[in-house]
file input-v6.cif (mmCIF, C-alpha atoms)
data_target
#
loop_
_atom_site.label_atom_id
_atom_site.label_comp_id
_atom_site.auth_asym_id
_atom_site.auth_seq_id
_atom_site.Cartn_x
_atom_site.Cartn_y
_atom_site.Cartn_z
CA MET A 1 -152.77 80.45 20.38
CA ILE A 2 -149.33 81.32 19.12
CA LEU A 3 -147.52 78.85 16.86
CA ILE A 4 -144.00 79.29 15.53
CA VAL A 5 -144.26 78.20 11.93
CA ALA A 6 -141.03 78.21 9.91
CA GLY A 7 -139.50 80.39 12.63
CA ASN A 8 -142.26 83.02 12.61
CA PRO A 9 -144.50 83.36 15.68
CA LYS A 10 -148.09 84.01 14.61
CA GLU A 11 -151.60 83.88 16.08
CA TYR A 12 -153.66 80.84 15.03
CA PRO A 13 -157.14 79.64 15.95
CA ASP A 14 -157.32 77.15 18.84
CA ASP A 15 -158.29 73.53 18.11
CA LEU A 16 -155.92 73.20 15.20
CA ASN A 17 -154.45 69.95 13.93
CA LEU A 18 -151.56 69.59 11.48
CA THR A 19 -153.83 68.87 8.51
CA ARG A 20 -155.71 72.13 9.10
CA LEU A 21 -152.46 74.09 9.61
CA ILE A 22 -151.14 72.73 6.31
CA GLU A 23 -154.31 74.05 4.64
CA LEU A 24 -154.06 77.44 6.37
CA GLU A 25 -150.40 77.78 5.36
CA LYS A 26 -151.21 76.78 1.76
CA VAL A 27 -148.37 74.24 1.78
CA GLU A 28 -147.44 73.19 -1.75
CA THR A 29 -147.71 69.44 -2.54
CA PRO A 30 -148.75 68.67 1.08
CA ILE A 31 -148.61 64.89 0.69
CA TYR A 32 -144.86 65.11 -0.01
CA VAL A 33 -143.99 67.54 2.74
CA THR A 34 -142.12 66.41 5.86
CA VAL A 35 -143.30 67.98 9.11
CA ALA A 36 -141.11 68.51 12.14
CA LEU A 37 -142.96 69.43 15.35
CA ASN A 38 -140.76 70.62 18.24
CA ASP A 39 -137.70 68.78 16.87
CA SER A 40 -139.48 65.49 16.15
CA PHE A 41 -140.72 64.21 12.80
CA VAL A 42 -144.46 63.59 12.45
CA GLU A 43 -145.42 60.60 10.30
CA SER A 44 -147.50 61.70 7.31
CA GLY A 45 -150.34 59.42 8.42
CA GLY A 46 -150.47 61.27 11.74
CA PHE A 47 -151.20 64.85 10.64
CA GLU A 48 -154.94 64.64 11.33
CA SER A 49 -154.46 63.22 14.83
CA THR A 50 -151.70 65.68 15.79
CA ALA A 51 -153.31 68.51 17.76
CA LEU A 52 -151.26 71.68 18.08
CA LYS A 53 -150.84 73.63 21.29
CA ASP A 54 -149.71 77.12 22.19
CA GLY A 55 -145.97 77.61 21.62
CA ASP A 56 -145.49 74.64 19.28
CA ARG A 57 -142.75 75.00 16.67
CA VAL A 58 -143.61 73.60 13.25
CA GLU A 59 -141.28 73.23 10.27
CA PHE A 60 -142.23 72.13 6.78
CA LEU A 61 -139.47 70.44 4.79
CA TYR A 62 -139.87 70.46 1.03
CA PHE A 63 -138.36 68.29 -1.64
CA MET A 64 -135.90 70.31 -3.70
CA GLY A 65 -134.67 68.23 -6.57
CA GLY A 66 -132.77 70.72 -8.68
CA GLY A 67 -129.05 71.14 -8.88
CA ARG A 68 -127.68 70.23 -12.25
CA MET B 1 -95.48 67.05 2.50
CA SER B 2 -93.85 70.40 1.73
CA PHE B 3 -95.04 73.12 -0.60
CA SER B 4 -92.98 74.82 -3.30
CA GLY B 5 -92.58 78.59 -3.32
CA GLU B 6 -95.22 78.83 -6.02
CA GLN B 7 -97.63 76.72 -4.00
CA LEU B 8 -97.01 78.84 -0.91
CA ALA B 9 -97.90 81.89 -3.00
CA ARG B 10 -100.94 80.24 -4.60
CA TYR B 11 -102.38 79.22 -1.23
CA SER B 12 -101.04 82.15 0.80
CA ARG B 13 -104.52 83.46 1.69
CA HIS B 14 -105.36 80.08 3.20
CA ILE B 15 -102.01 79.70 4.90
CA ILE B 16 -102.13 83.08 6.68
CA LEU B 17 -105.66 82.37 7.88
CA LYS B 18 -105.79 81.77 11.63
CA GLY B 19 -107.48 78.47 12.38
CA PHE B 20 -106.61 77.10 8.94
CA GLY B 21 -102.97 77.73 8.14
CA LEU B 22 -100.40 75.44 6.59
CA ARG B 23 -101.93 72.51 8.42
CA GLY B 24 -105.34 73.10 6.81
CA GLN B 25 -103.75 73.50 3.39
CA LYS B 26 -101.82 70.26 3.74
CA ARG B 27 -105.00 68.48 4.66
CA LEU B 28 -106.73 69.87 1.55
CA SER B 29 -103.81 68.74 -0.61
CA ARG B 30 -104.01 65.25 0.83
CA GLY B 31 -107.81 65.20 0.57
CA SER B 32 -110.18 64.03 -2.14
CA VAL B 33 -113.73 64.96 -3.17
CA LEU B 34 -116.15 63.35 -5.63
CA ILE B 35 -118.59 65.79 -7.22
CA VAL B 36 -121.66 64.09 -8.66
CA GLY B 37 -123.07 66.31 -11.41
CA ALA B 38 -121.14 68.98 -13.32
CA GLY B 39 -124.09 71.35 -13.36
CA GLY B 40 -125.48 74.30 -11.44
CA LEU B 41 -124.25 73.16 -8.01
CA GLY B 42 -121.26 71.16 -9.23
CA SER B 43 -119.82 74.08 -11.24
CA PRO B 44 -119.04 76.47 -8.37
CA ALA B 45 -118.20 73.59 -6.02
CA ALA B 46 -115.70 72.11 -8.50
CA LEU B 47 -114.08 75.45 -9.32
CA TYR B 48 -113.65 76.46 -5.67
CA LEU B 49 -112.33 73.06 -4.60
CA ALA B 50 -109.88 73.00 -7.53
CA ALA B 51 -108.73 76.54 -6.74
CA ALA B 52 -108.42 75.64 -3.05
CA GLY B 53 -105.95 72.90 -3.89
CA VAL B 54 -107.93 69.79 -2.96
CA GLY B 55 -105.44 67.16 -4.09
CA ARG B 56 -107.74 64.82 -5.96
CA ILE B 57 -111.18 65.60 -7.36
CA GLY B 58 -113.51 63.32 -9.30
CA ILE B 59 -116.31 64.83 -11.37
CA ILE B 60 -119.01 62.63 -12.82
CA ASP B 61 -121.62 63.52 -15.44
CA ALA B 62 -122.84 61.68 -18.53
CA ASP B 63 -124.37 64.70 -20.30
CA GLU B 64 -123.04 67.09 -22.88
CA VAL B 65 -123.00 70.86 -22.48
CA ASP B 66 -126.23 72.41 -23.77
CA LEU B 67 -126.97 76.08 -24.44
CA SER B 68 -129.66 76.09 -21.71
CA ASN B 69 -126.99 75.06 -19.14
CA LEU B 70 -124.81 78.14 -19.50
CA GLN B 71 -127.12 80.50 -17.58
CA ARG B 72 -125.95 78.80 -14.35
CA GLN B 73 -123.32 76.11 -15.05
CA ILE B 74 -120.37 78.48 -14.93
CA ILE B 75 -117.68 75.82 -15.26
CA HIS B 76 -118.67 75.47 -18.94
CA GLY B 77 -118.36 78.11 -21.65
CA THR B 78 -119.96 78.74 -25.02
CA ALA B 79 -116.99 77.09 -26.72
CA ASP B 80 -117.78 73.87 -24.78
CA LEU B 81 -121.24 73.36 -26.33
CA GLY B 82 -121.70 69.70 -27.24
CA LYS B 83 -118.67 68.53 -25.26
CA PRO B 84 -119.03 66.02 -22.42
CA LYS B 85 -119.65 67.99 -19.25
CA ALA B 86 -117.18 65.91 -17.25
CA ASP B 87 -114.37 66.72 -19.70
CA SER B 88 -115.32 70.39 -19.98
CA ALA B 89 -115.40 70.68 -16.19
CA ARG B 90 -112.03 68.96 -15.85
CA ALA B 91 -110.44 71.35 -18.36
CA SER B 92 -111.81 74.40 -16.49
CA MET B 93 -110.60 73.07 -13.13
CA LEU B 94 -107.10 72.36 -14.42
CA ALA B 95 -107.02 75.80 -16.06
CA VAL B 96 -107.57 77.30 -12.60
CA ASN B 97 -105.15 74.94 -10.86
CA PRO B 98 -102.96 72.56 -12.89
CA GLU B 99 -101.35 71.19 -9.72
CA ILE B 100 -104.25 69.01 -8.68
CA GLU B 101 -105.46 65.68 -10.04
CA VAL B 102 -108.89 65.69 -11.69
CA ARG B 103 -110.66 62.58 -12.89
CA ALA B 104 -113.50 63.13 -15.36
CA ILE B 105 -116.04 60.32 -15.31
CA ARG B 106 -118.48 60.22 -18.23
CA ALA B 107 -121.28 58.22 -16.66
CA PHE B 108 -124.41 58.52 -14.57
CA ALA B 109 -124.23 57.18 -11.05
CA ASP B 110 -126.47 54.18 -10.50
CA ALA B 111 -126.90 51.33 -8.04
CA GLY B 112 -124.39 49.28 -10.01
CA ASN B 113 -121.49 51.75 -9.90
CA ILE B 114 -122.06 54.12 -6.96
CA MET B 115 -120.21 52.13 -4.28
CA GLU B 116 -117.17 51.81 -6.52
CA LEU B 117 -117.36 55.51 -7.49
CA ILE B 118 -117.37 56.87 -3.95
CA ARG B 119 -114.91 54.35 -2.51
CA ASP B 120 -111.70 56.30 -3.10
CA TYR B 121 -112.95 59.73 -1.99
CA ASP B 122 -113.06 61.37 1.43
CA PHE B 123 -116.10 63.55 0.82
CA ILE B 124 -118.94 63.46 -1.71
CA ILE B 125 -120.88 66.42 -3.11
CA ASP B 126 -124.39 65.78 -4.37
CA GLY B 127 -124.86 68.20 -7.25
CA THR B 128 -127.53 66.13 -8.99
CA ASP B 129 -130.88 67.32 -10.27
CA ASN B 130 -133.21 64.45 -9.52
CA PHE B 131 -134.49 62.49 -6.53
CA PRO B 132 -133.42 58.99 -7.59
CA ALA B 133 -129.82 60.24 -7.70
CA LYS B 134 -130.13 62.10 -4.39
CA PHE B 135 -131.45 59.01 -2.60
CA LEU B 136 -128.81 56.85 -4.31
CA ILE B 137 -125.97 59.10 -3.10
CA ASN B 138 -127.43 59.27 0.40
CA ASP B 139 -127.82 55.51 0.73
CA ALA B 140 -124.40 54.75 -0.73
CA CYS B 141 -122.67 57.26 1.57
CA VAL B 142 -124.50 55.95 4.65
CA LEU B 143 -123.67 52.34 3.71
CA ALA B 144 -120.03 53.17 2.98
CA GLY B 145 -119.67 55.44 6.02
CA LYS B 146 -118.79 58.50 3.89
CA ALA B 147 -119.51 62.14 4.64
CA PHE B 148 -121.43 64.04 1.98
CA SER B 149 -123.17 67.30 1.25
CA HIS B 150 -126.78 67.20 0.08
CA ALA B 151 -128.19 70.23 -1.68
CA GLY B 152 -131.28 71.02 -3.69
CA ILE B 153 -132.46 74.16 -5.41
CA LEU B 154 -135.76 75.21 -6.89
CA ARG B 155 -136.98 78.54 -8.20
CA PHE B 156 -135.62 81.04 -5.61
CA ASN B 157 -134.99 78.55 -2.80
CA GLY B 158 -132.21 76.21 -1.79
CA GLN B 159 -131.51 73.70 0.96
CA LEU B 160 -128.40 71.96 2.28
CA LEU B 161 -127.55 69.25 4.77
CA THR B 162 -124.23 67.63 5.56
CA TYR B 163 -124.17 63.99 6.56
CA VAL B 164 -121.29 62.68 8.64
CA PRO B 165 -121.55 59.06 9.84
CA GLY B 166 -122.83 58.94 13.39
CA GLU B 167 -123.63 62.65 13.50
CA GLY B 168 -127.18 63.74 12.84
CA PRO B 169 -129.76 62.65 10.31
CA CYS B 170 -129.23 61.46 6.75
CA TYR B 171 -131.33 62.68 3.80
CA ARG B 172 -133.64 59.69 4.19
CA CYS B 173 -134.35 60.65 7.83
CA LEU B 174 -135.83 63.87 6.40
CA PHE B 175 -137.50 62.31 3.37
CA LYS B 176 -138.26 58.61 3.61
CA ASN B 177 -138.70 57.90 -0.09
CA PRO B 178 -138.39 59.78 -3.39
CA PRO B 179 -141.61 61.39 -4.59
CA PRO B 180 -143.25 59.72 -7.59
CA PRO B 181 -141.99 61.01 -10.96
CA GLU B 182 -143.36 64.49 -11.71
CA ALA B 183 -145.11 64.77 -8.33
CA VAL B 184 -142.97 67.76 -7.34
CA PRO B 185 -141.58 70.36 -9.73
CA THR B 186 -137.99 70.24 -11.00
CA CYS B 187 -135.80 73.13 -12.13
CA ARG B 188 -136.45 72.15 -15.71
CA GLN B 189 -140.17 72.66 -15.21
CA ALA B 190 -140.11 75.48 -12.68
CA GLY B 191 -136.92 77.40 -13.44
CA VAL B 192 -134.04 78.54 -11.27
CA ILE B 193 -131.86 81.65 -10.94
CA GLY B 194 -128.24 80.95 -11.86
CA ALA B 195 -126.75 82.82 -8.91
CA LEU B 196 -128.88 80.69 -6.54
CA ALA B 197 -126.99 77.63 -7.75
CA GLY B 198 -123.80 79.62 -7.19
CA VAL B 199 -124.68 80.43 -3.57
CA VAL B 200 -125.68 76.88 -2.69
CA GLY B 201 -122.90 75.13 -4.62
CA SER B 202 -120.35 77.43 -2.95
CA LEU B 203 -121.76 76.47 0.46
CA GLN B 204 -121.24 72.82 -0.49
CA ALA B 205 -117.60 73.59 -1.37
CA MET B 206 -117.23 75.29 2.03
CA GLU B 207 -118.56 72.19 3.80
CA ALA B 208 -116.05 70.02 1.90
CA VAL B 209 -113.17 72.38 2.75
CA LYS B 210 -114.07 72.38 6.46
CA TYR B 211 -114.48 68.61 6.50
CA LEU B 212 -111.10 68.01 4.86
CA ALA B 213 -109.28 70.65 6.88
CA GLY B 214 -110.94 69.67 10.14
CA THR B 215 -111.86 73.30 10.76
CA GLY B 216 -115.08 74.63 12.26
CA GLY B 217 -118.49 73.01 12.51
CA LEU B 218 -120.43 71.28 9.77
CA LEU B 219 -124.05 71.44 8.75
CA THR B 220 -124.87 68.16 10.48
CA GLY B 221 -128.18 67.82 12.29
CA ARG B 222 -129.33 71.04 10.70
CA LEU B 223 -130.98 71.74 7.36
CA LEU B 224 -129.97 75.14 6.04
CA THR B 225 -132.60 76.79 3.90
CA TYR B 226 -132.00 79.81 1.71
CA ASP B 227 -134.78 82.05 0.44
CA ALA B 228 -133.18 84.24 -2.22
CA LEU B 229 -136.23 86.51 -2.59
CA LYS B 230 -136.13 87.42 1.11
CA THR B 231 -132.32 87.12 1.30
CA SER B 232 -132.91 84.91 4.30
CA PHE B 233 -131.00 81.90 5.64
CA ARG B 234 -132.49 79.62 8.30
CA GLY B 235 -131.04 76.57 10.02
CA ILE B 236 -133.61 73.97 11.07
CA ASP B 237 -132.36 71.59 13.78
CA LEU B 238 -133.44 68.06 12.95
CA PRO B 239 -133.03 64.73 14.73
CA ARG B 240 -132.07 61.33 13.39
CA ARG B 241 -134.89 58.89 12.86
CA ALA B 242 -134.33 55.74 14.90
CA ASP B 243 -136.48 53.94 12.31
CA CYS B 244 -134.70 55.41 9.26
CA PRO B 245 -134.64 52.66 6.61
CA VAL B 246 -130.94 53.22 5.88
CA CYS B 247 -129.21 54.85 8.89
CA GLY B 248 -131.64 53.70 11.60
CA GLU B 249 -131.31 50.95 14.16
CA HIS B 250 -132.80 48.22 11.99
CA PRO B 251 -132.11 49.26 8.40
CA SER B 252 -134.12 47.63 5.61
CA ILE B 253 -131.92 49.15 2.88
CA THR B 254 -128.59 47.34 2.80
CA ALA B 255 -127.55 48.03 -0.81
CA PRO B 256 -128.02 51.01 -3.17
CA VAL B 257 -131.39 51.19 -4.94
CA ASP B 258 -132.22 52.49 -8.44
CA TYR B 259 -135.46 54.45 -8.58
CA THR B 260 -137.06 55.52 -11.85
CA PRO B 261 -136.19 59.16 -12.52
CA ALA B 262 -138.93 61.62 -13.33
CA ALA B 263 -139.65 61.47 -17.04
CA CYS B 264 -138.52 65.05 -17.55
CA ASP B 265 -135.14 64.28 -15.98
CA PHE B 266 -134.51 61.13 -17.93
CA ARG B 267 -132.34 61.77 -20.93
#
call {"tool": "encode", "arguments": {"input": "input-v6.cif", "output": "structure tokens"}}
result
Amino acid sequence: MILIVAGNPKEYPDDLNLTRLIELEKVETPIYVTVALNDSFVESGGFESTALKDGDRVEFLYFMGGGR
Amino acid sequence: MSFSGEQLARYSRHIILKGFGLRGQKRLSRGSVLIVGAGGLGSPAALYLAAAGVGRIGIIDADEVDLSNLQRQIIHGTADLGKPKADSARASMLAVNPEIEVRAIRAFADAGNIMELIRDYDFIIDGTDNFPAKFLINDACVLAGKAFSHAGILRFNGQLLTYVPGEGPCYRCLFKNPPPPEAVPTCRQAGVIGALAGVVGSLQAMEAVKYLAGTGGLLTGRLLTYDALKTSFRGIDLPRRADCPVCGEHPSITAPVDYTPAACDFR
């Protein structure tokens, strides 16, 4: 299936949940990442139970603490 | 309000700008911005807003200028080493534009002073370097009904979001709570390119200018991310969280909260 991850359409294996996608994408500090799936936030406790389907758009939001 | 001949010359590039004009300039002159942090983001934001003729600017920072700051904190110079950053920033801003009012505040924002600090300003710029401060500014602005610009930078990446009451998510909609101290890297641990702070801090100044002038659209409901290595900007549309603990329908946070800063940020 095709998923649009961080704006990039790419081929992924079927039967993928968010936890597995986070592993595949090598997301840094995954427990502190916010996930938006098709314009809705996914609770961090719900990654495992969130199955992905063809055409889904996934965004990872990262903490960026710098500035001063 | 009418401008002198010198002021008309100083702001002529704004005044001739279609969609901004004399009306926009007057609104800047009547406007006020509080910049929290006179550092990497605060430096370009403060200089541009001073140059633009924002009538009243507050700049708050409790630190002194350190040699390791000068690679990115362009409002300070080598001659300012050891001076309070707030005072050094104020001097640089008034050197660019002596016609504005600048208040230097030598303090750190905390739950005890933040509501008082933001009260008299139209727009707030978060130029801080740690999560406790970012959540504090977010919560205070939501509670006080103030618009503000969030930004964060790390390594070669930056992000920005503008909060306007009633329009789009707040920072806490995106990130419910600060990460535990040292759970995610900071600039001090991971490094940052100076010009990255310049790009992102200048975008924050642009948001403030548009907000005050009432011109154009703001970065509400959309997180802008900047990848300097790829020279790529992306806007990510994001909703409000109905269950957000501060801006949601049944908020549990009704006063500013002090979190413990990461050990490496605590000085």
call {"tool": "interface_residues", "arguments": {"input": "input-v6.cif", "of": "chain A", "to": "chain B", "cutoff": "12 Å", "atoms": "all atoms listed in the file", "output": "PyMOL selection string"}}
result
chain A and resi 5-8+28-44+57-68
call {"tool": "closest_atom_pairs", "arguments": {"input": "input-v6.cif", "of": "stretch 153-265 of chain B", "to": "stretch 122-125 of chain B", "cutoff": "9 Å", "atoms": "only C-alpha atoms", "output": "JSON lines"}}
result
{"residue": "B:Gln204", "atom": "CA", "partner": "B:Ile125", "partner_atom": "CA", "distance": 6.9}
{"residue": "B:Ala205", "atom": "CA", "partner": "B:Ile125", "partner_atom": "CA", "distance": 8.1}
{"residue": "B:Ala208", "atom": "CA", "partner": "B:Phe123", "partner_atom": "CA", "distance": 6.6}
{"residue": "B:Tyr211", "atom": "CA", "partner": "B:Phe123", "partner_atom": "CA", "distance": 7.8}
{"residue": "B:Leu212", "atom": "CA", "partner": "B:Asp122", "partner_atom": "CA", "distance": 7.7}
call {"tool": "closest_residue", "arguments": {"input": "input-v6.cif", "among": "A:Ala51, A:Asp56, A:Lys26, A:Asn17", "to": "A:Leu3", "atoms": "all atoms listed in the file"}}
result
A:Asp56
call {"tool": "atom_distance", "arguments": {"input": "input-v6.cif", "atom1": "atom CA of B:Asp120", "atom2": "atom CA of B:Ile35"}}
result
12.4 Å
call {"tool": "closest_residue", "arguments": {"input": "input-v6.cif", "among": "B:Ile253, B:Gly214, B:Gln7, B:Lys83", "to": "B:Gly19", "atoms": "all atoms listed in the file"}}
result
B:Gly214
call {"tool": "atom_distance", "arguments": {"input": "input-v6.cif", "atom1": "atom CA of B:Gly77", "atom2": "atom CA of B:Leu117"}}
result
26.7 Å
call {"tool": "atom_distance", "arguments": {"input": "input-v6.cif", "atom1": "atom CA of B:Leu67", "atom2": "atom CA of B:Val102"}}
result
24.4 Å
call {"tool": "resolve_selection", "arguments": {"input": "input-v6.cif", "expression": "the PyMOL selection byres ((chain B and resi 22) around 12)", "output": "JSON, numbers by chain"}}
result
{"B": [1, 2, 3, 7, 8, 9, 11, 12, 13, 14, 15, 16, 17, 18, 19, 20, 21, 23, 24, 25, 26, 27, 28, 29, 213]}
call {"tool": "write_last_selection", "arguments": {"input": "input-v6.cif", "atoms": "C-alpha atoms", "output": "PDB file, in the coordinates of the input"}}
result
ATOM      1  CA  MET B   1     -95.480  67.050   2.500  1.00  0.00           C
ATOM      2  CA  SER B   2     -93.850  70.400   1.730  1.00  0.00           C
ATOM      3  CA  PHE B   3     -95.040  73.120  -0.600  1.00  0.00           C
ATOM      4  CA  GLN B   7     -97.630  76.720  -4.000  1.00  0.00           C
ATOM      5  CA  LEU B   8     -97.010  78.840  -0.910  1.00  0.00           C
ATOM      6  CA  ALA B   9     -97.900  81.890  -3.000  1.00  0.00           C
ATOM      7  CA  TYR B  11    -102.380  79.220  -1.230  1.00  0.00           C
ATOM      8  CA  SER B  12    -101.040  82.150   0.800  1.00  0.00           C
ATOM      9  CA  ARG B  13    -104.520  83.460   1.690  1.00  0.00           C
ATOM     10  CA  HIS B  14    -105.360  80.080   3.200  1.00  0.00           C
ATOM     11  CA  ILE B  15    -102.010  79.700   4.900  1.00  0.00           C
ATOM     12  CA  ILE B  16    -102.130  83.080   6.680  1.00  0.00           C
ATOM     13  CA  LEU B  17    -105.660  82.370   7.880  1.00  0.00           C
ATOM     14  CA  LYS B  18    -105.790  81.770  11.630  1.00  0.00           C
ATOM     15  CA  GLY B  19    -107.480  78.470  12.380  1.00  0.00           C
ATOM     16  CA  PHE B  20    -106.610  77.100   8.940  1.00  0.00           C
ATOM     17  CA  GLY B  21    -102.970  77.730   8.140  1.00  0.00           C
ATOM     18  CA  ARG B  23    -101.930  72.510   8.420  1.00  0.00           C
ATOM     19  CA  GLY B  24    -105.340  73.100   6.810  1.00  0.00           C
ATOM     20  CA  GLN B  25    -103.750  73.500   3.390  1.00  0.00           C
ATOM     21  CA  LYS B  26    -101.820  70.260   3.740  1.00  0.00           C
ATOM     22  CA  ARG B  27    -105.000  68.480   4.660  1.00  0.00           C
ATOM     23  CA  LEU B  28    -106.730  69.870   1.550  1.00  0.00           C
ATOM     24  CA  SER B  29    -103.810  68.740  -0.610  1.00  0.00           C
ATOM     25  CA  ALA B 213    -109.280  70.650   6.880  1.00  0.00           C
TER      26      ALA B 213
END
call {"tool": "residues_around", "arguments": {"input": "input-v6.cif", "residues": "stretch 109-113 of chain B", "least_positions_apart": "4", "cutoff": "7 Å", "atoms": "all atoms listed in the file", "output": "JSON, numbers by chain"}}
result
{"B": [117, 136, 256, 257, 258]}
call {"tool": "resolve_selection", "arguments": {"input": "input-v6.cif", "expression": "the PyMOL selection byres ((chain A and resi 47) around 7)", "output": "VMD selection string"}}
result
chain A and resid 17 to 19 44 to 46 48 to 50
call {"tool": "resolve_selection", "arguments": {"input": "input-v6.cif", "expression": "the PyMOL selection byres ((chain B and resi 220) around 9)", "output": "ChimeraX atom specification"}}
result
/B:161-164,167-170,217-219,221-223,237-238
call {"tool": "closest_residue", "arguments": {"input": "input-v6.cif", "among": "B:Leu143, B:Ala228, B:Ile60, B:Ala91", "to": "B:Val199", "atoms": "all atoms listed in the file"}}
result
B:Ala228
call {"tool": "decode", "arguments": {"input": "input-v6.cif", "residues": "stretch 232-243 of chain B", "atoms": "N, CA and C atoms", "output": "tab-separated table (two decimals), in the first residue's frame"}}
result
chain	number	residue	atom	x	y	z
B	232	SER	N	14.05	22.86	2.74
B	232	SER	CA	12.66	22.51	2.50
B	232	SER	C	11.76	23.01	3.62
B	233	PHE	N	10.69	23.71	3.22
B	233	PHE	CA	9.66	24.14	4.17
B	233	PHE	C	8.41	23.30	3.95
B	234	ARG	N	7.75	22.90	5.03
B	234	ARG	CA	6.48	22.19	4.90
B	234	ARG	C	5.50	22.73	5.93
B	235	GLY	N	4.27	22.92	5.53
B	235	GLY	CA	3.21	23.29	6.47
B	235	GLY	C	2.36	22.07	6.75
B	236	ILE	N	2.19	21.74	8.02
B	236	ILE	CA	1.37	20.58	8.40
B	236	ILE	C	0.09	21.09	9.04
B	237	ASP	N	-1.04	20.86	8.37
B	237	ASP	CA	-2.34	21.31	8.92
B	237	ASP	C	-2.69	20.46	10.14
B	238	LEU	N	-3.03	21.13	11.22
B	238	LEU	CA	-3.32	20.41	12.46
B	238	LEU	C	-4.57	20.96	13.11
B	239	PRO	N	-5.36	20.05	13.70
B	239	PRO	CA	-6.61	20.48	14.34
B	239	PRO	C	-6.39	20.89	15.79
B	240	ARG	N	-7.41	21.51	16.38
B	240	ARG	CA	-7.43	21.68	17.83
B	240	ARG	C	-7.80	20.36	18.46
B	241	ARG	N	-7.36	20.17	19.70
B	241	ARG	CA	-7.81	19.01	20.46
B	241	ARG	C	-8.96	19.45	21.36
B	242	ALA	N	-10.12	18.84	21.18
B	242	ALA	CA	-11.26	19.19	22.04
B	242	ALA	C	-10.93	18.92	23.50
B	243	ASP	N	-10.03	17.92	23.73
B	243	ASP	CA	-9.69	17.57	25.12
B	243	ASP	C	-8.35	18.17	25.54
